[in-house]
Amino acid sequence: MSLVQTKDMFKKAYGKYAVGAFNVNNMEILQGVVEAAKEEKAPLILQISKGARNYAKLVYLMKLIEAATIDAPDVPIAVHLDHGDSFELCKEVIDAGFTSVMIDGSHLPFNENIAITKKVVEYAHPRGVVVEGELGKLIGIEEHVVSTEAVYTDPVAAVEFVEKTSVDSLAIAIGTSHGAYKFKGEAKLDFERLQEIAKRLPGLPLVLHGASSVLPELVQKANQYGARLGDAKGVPEDMIRKSTKMGICKVNIDTDLRLAVTSSVREQIALHPEEFDPRKYLGAARDSVREVVKHKMKEVLDCSGQA
């Protein structure tokens with residue numbers, strides 16, 4: 001199967017489940033994610049960030065994704081630009097074969113966010129590419145995305161933004177955050193705000209960024225073998241599951257994959273200090289990614305069997 005858009009994915013998912021959008025940076029992470037989607041018969045969005053492009057180079061990542069479509073012909077796979085920060089970048093990846101792009105103008109004044117988002121939409125739509133916009137700010141740090149202030153999405157402004165830009169989906173801020181340290185006290189998402197946005201924008205796919213759960217068992221394993229993750233705490237999975245029934249169609253997951261890799265590699269190196277074959281510990285990391293993604297698809301996103 002060749003790469004697909006997300007439009008049909010989201011139409012099918014709306015109000016019932018969400019599609020997982022997993023950030024990929026290398027072969028092992030990509031293989032683990034795709035293997036999970038094959039086993040769970042789930043639709044899949046592969047996200048590529050600025051950090052991934054800098055690390056692996058876009059041409060390598062696209063060839064790996066091409067291989068994934070051959071290896072998993074029955075899995076609907078979309079390739080998505082995560083946090084595009086300029087029209088030029090969005091144009092570049094659209095021309096390179098991406099089927100979905102996010103233009104992140106959330107750091108700009110409202111009217112400037114509208115202007116740049118509309119410009120990307122006008123380039124993408126005639127080429128069969130869908131566009132995700134963002135309104136509101138998530139606190140936290142993830143690669144080049146840094147914010148020390150959380151600004152929740154205003155439902156009234158969201159309607160104006162969508163009407164003026166014609167975006168296909170909207171990333172909203174309701175209390176999630178980037179990185180591994182999302183909450184210090186009790187975790188809380190603003191479900192009333194989510195409900196109001198969904199009510200005002202009926203049928204529009206909404207997106208949850210910063211939605212890793214920072215799985216405690218992975219944090220514990222990483223710390224056991226030398227990491228210093230301290231009070232890392234993510235979004236409780238029951239909250240993510242609840243959001244998928246309220247208009248959230250796409251859930252971004254990155255940190256949990258990093259934790260799966262790191263905890264597994266640390267364990268393998270600690271338990272097998274004589275081993276120097278990277279295939280041993282990277283293979284174990286790939287297996288760990290696969291199991292985490294299968295868990296997310298089946299137990300959190302409810303998208304297993306929806307391919």
# chains A, B, ... in the order shown; residues from 1 in each chain; ligands from 1
>>> closest_atom_pairs(of="segment 140-228 of chain A", to="segment 4-21 of chain A", cutoff="8 Å", atoms="only C-alpha atoms", output="Markdown table")
| residue | atom | partner | partner_atom | distance |
| --- | --- | --- | --- | --- |
| A:Asp168 | CA | A:Lys7 | CA | 7.5 |
| A:Gly203 | CA | A:Tyr14 | CA | 7.1 |
| A:Pro205 | CA | A:Phe10 | CA | 6.3 |
>>> write_last_selection(atoms="C-alpha atoms", output="short mmCIF file (atom, residue, chain, number, x, y, z; two decimals), in the first residue's frame")
data_model
loop_
_atom_site.label_atom_id
_atom_site.label_comp_id
_atom_site.auth_asym_id
_atom_site.auth_seq_id
_atom_site.Cartn_x
_atom_site.Cartn_y
_atom_site.Cartn_z
CA ASP A 168 -8.16 19.81 8.06
CA GLY A 203 -16.81 16.77 12.99
CA PRO A 205 -10.64 16.20 13.84
#
>>> select_by_dssp(residues="segment 99-239 of chain A", states="strand (DSSP E or B)", output="PyMOL selection string")
chain A and resi 100-103+130-135+137+139-142+145-147+151+169-172+177-178+181+206-208+233
>>> atom_distance(atom1="atom CA of His80 of chain A", atom2="atom CA of Phe98 of chain A")
6.1 Å
>>> residues_around(residues="segment 40-43 of chain A", least_positions_apart="3", cutoff="9 Å", atoms="only C-alpha atoms", output="PyMOL selection string")
chain A and resi 9+19-20+35-37+74-78+294+297-298+303-307
>>> residues_around(residues="Gly175 of chain A", least_positions_apart="4", cutoff="12 Å", atoms="only C-alpha atoms", output="short mmCIF file (atom, residue, chain, number, x, y, z; two decimals) with C-alpha atoms, in the first residue's frame")
data_model
loop_
_atom_site.label_atom_id
_atom_site.label_comp_id
_atom_site.auth_asym_id
_atom_site.auth_seq_id
_atom_site.Cartn_x
_atom_site.Cartn_y
_atom_site.Cartn_z
CA GLY A 136 -2.92 27.60 21.95
CA LYS A 137 0.43 26.78 23.54
CA LEU A 138 1.65 23.69 25.35
CA ILE A 139 4.14 24.22 28.14
CA GLY A 140 7.35 22.18 28.09
CA GLU A 149 3.79 29.37 29.35
CA ALA A 150 0.64 27.36 28.73
CA VAL A 151 -2.11 29.12 26.79
CA TYR A 152 -5.29 27.07 26.52
CA THR A 153 -7.20 27.11 23.23
CA LYS A 182 4.22 17.10 32.35
CA PHE A 183 2.73 17.34 35.84
CA GLU A 186 -2.36 15.91 40.14
CA ALA A 187 -2.75 15.50 36.39
CA LYS A 188 -5.68 17.41 34.94
CA LEU A 189 -7.03 17.99 31.46
CA ASP A 190 -9.72 20.57 30.66
CA PHE A 191 -12.40 18.28 29.25
CA GLU A 192 -15.04 21.01 29.43
CA ARG A 193 -12.92 23.09 27.05
CA LEU A 194 -12.47 20.10 24.75
CA LEU A 208 -3.67 16.06 21.24
CA HIS A 209 0.02 16.93 21.40
CA GLY A 210 2.24 16.11 24.37
CA ALA A 211 0.19 12.98 25.07
CA GLY A 234 2.89 12.04 31.97
CA VAL A 235 -0.78 12.11 30.99
CA PRO A 236 -2.76 9.29 32.63
CA MET A 239 -7.59 10.67 30.34
CA ILE A 240 -6.24 10.06 26.85
CA SER A 243 -10.47 12.36 25.00
#
>>> residues_around(residues="Ile94 of chain A", least_positions_apart="4", cutoff="9 Å", atoms="only C-alpha atoms", output="list in words")
Leu81, Leu89, Cys90, Phe98, Thr99, Ser100, Val101, Tyr123, Ala124, Arg127 and Val129 of chain A
>>> write_last_selection(atoms="N, CA and C atoms", output="short mmCIF file (atom, residue, chain, number, x, y, z; two decimals), in the first residue's frame")
data_model
loop_
_atom_site.label_atom_id
_atom_site.label_comp_id
_atom_site.auth_asym_id
_atom_site.auth_seq_id
_atom_site.Cartn_x
_atom_site.Cartn_y
_atom_site.Cartn_z
N LEU A 81 4.53 15.78 8.89
CA LEU A 81 5.52 16.71 9.41
C LEU A 81 5.07 17.20 10.77
N LEU A 89 9.47 25.10 4.80
CA LEU A 89 9.66 23.72 5.25
C LEU A 89 8.47 22.85 4.85
N CYS A 90 7.28 23.35 5.06
CA CYS A 90 6.09 22.59 4.67
C CYS A 90 6.10 22.30 3.17
N PHE A 98 5.42 13.83 1.62
CA PHE A 98 4.60 13.75 2.83
C PHE A 98 3.12 13.84 2.46
N THR A 99 2.29 13.15 3.21
CA THR A 99 0.85 13.20 2.94
C THR A 99 0.11 14.11 3.91
N SER A 100 0.83 14.61 4.91
CA SER A 100 0.22 15.47 5.93
C SER A 100 1.30 16.37 6.52
N VAL A 101 0.95 17.62 6.80
CA VAL A 101 1.90 18.53 7.43
C VAL A 101 1.22 19.29 8.55
N TYR A 123 -1.20 25.82 -0.54
CA TYR A 123 -0.20 25.06 -1.30
C TYR A 123 -0.48 23.56 -1.20
N ALA A 124 -0.90 23.11 -0.02
CA ALA A 124 -1.04 21.67 0.23
C ALA A 124 -2.26 21.06 -0.44
N ARG A 127 -2.39 19.70 -3.94
CA ARG A 127 -1.45 18.59 -4.11
C ARG A 127 -1.88 17.35 -3.33
N VAL A 129 -2.52 17.04 -0.10
CA VAL A 129 -1.91 16.93 1.23
C VAL A 129 -2.80 17.65 2.25
#
>>> atom_distance(atom1="atom CA of Asn26 of chain A", atom2="atom CA of Ser169 of chain A")
26.9 Å
>>> atom_distance(atom1="atom CA of Asp231 of chain A", atom2="atom CA of His83 of chain A")
26.4 Å
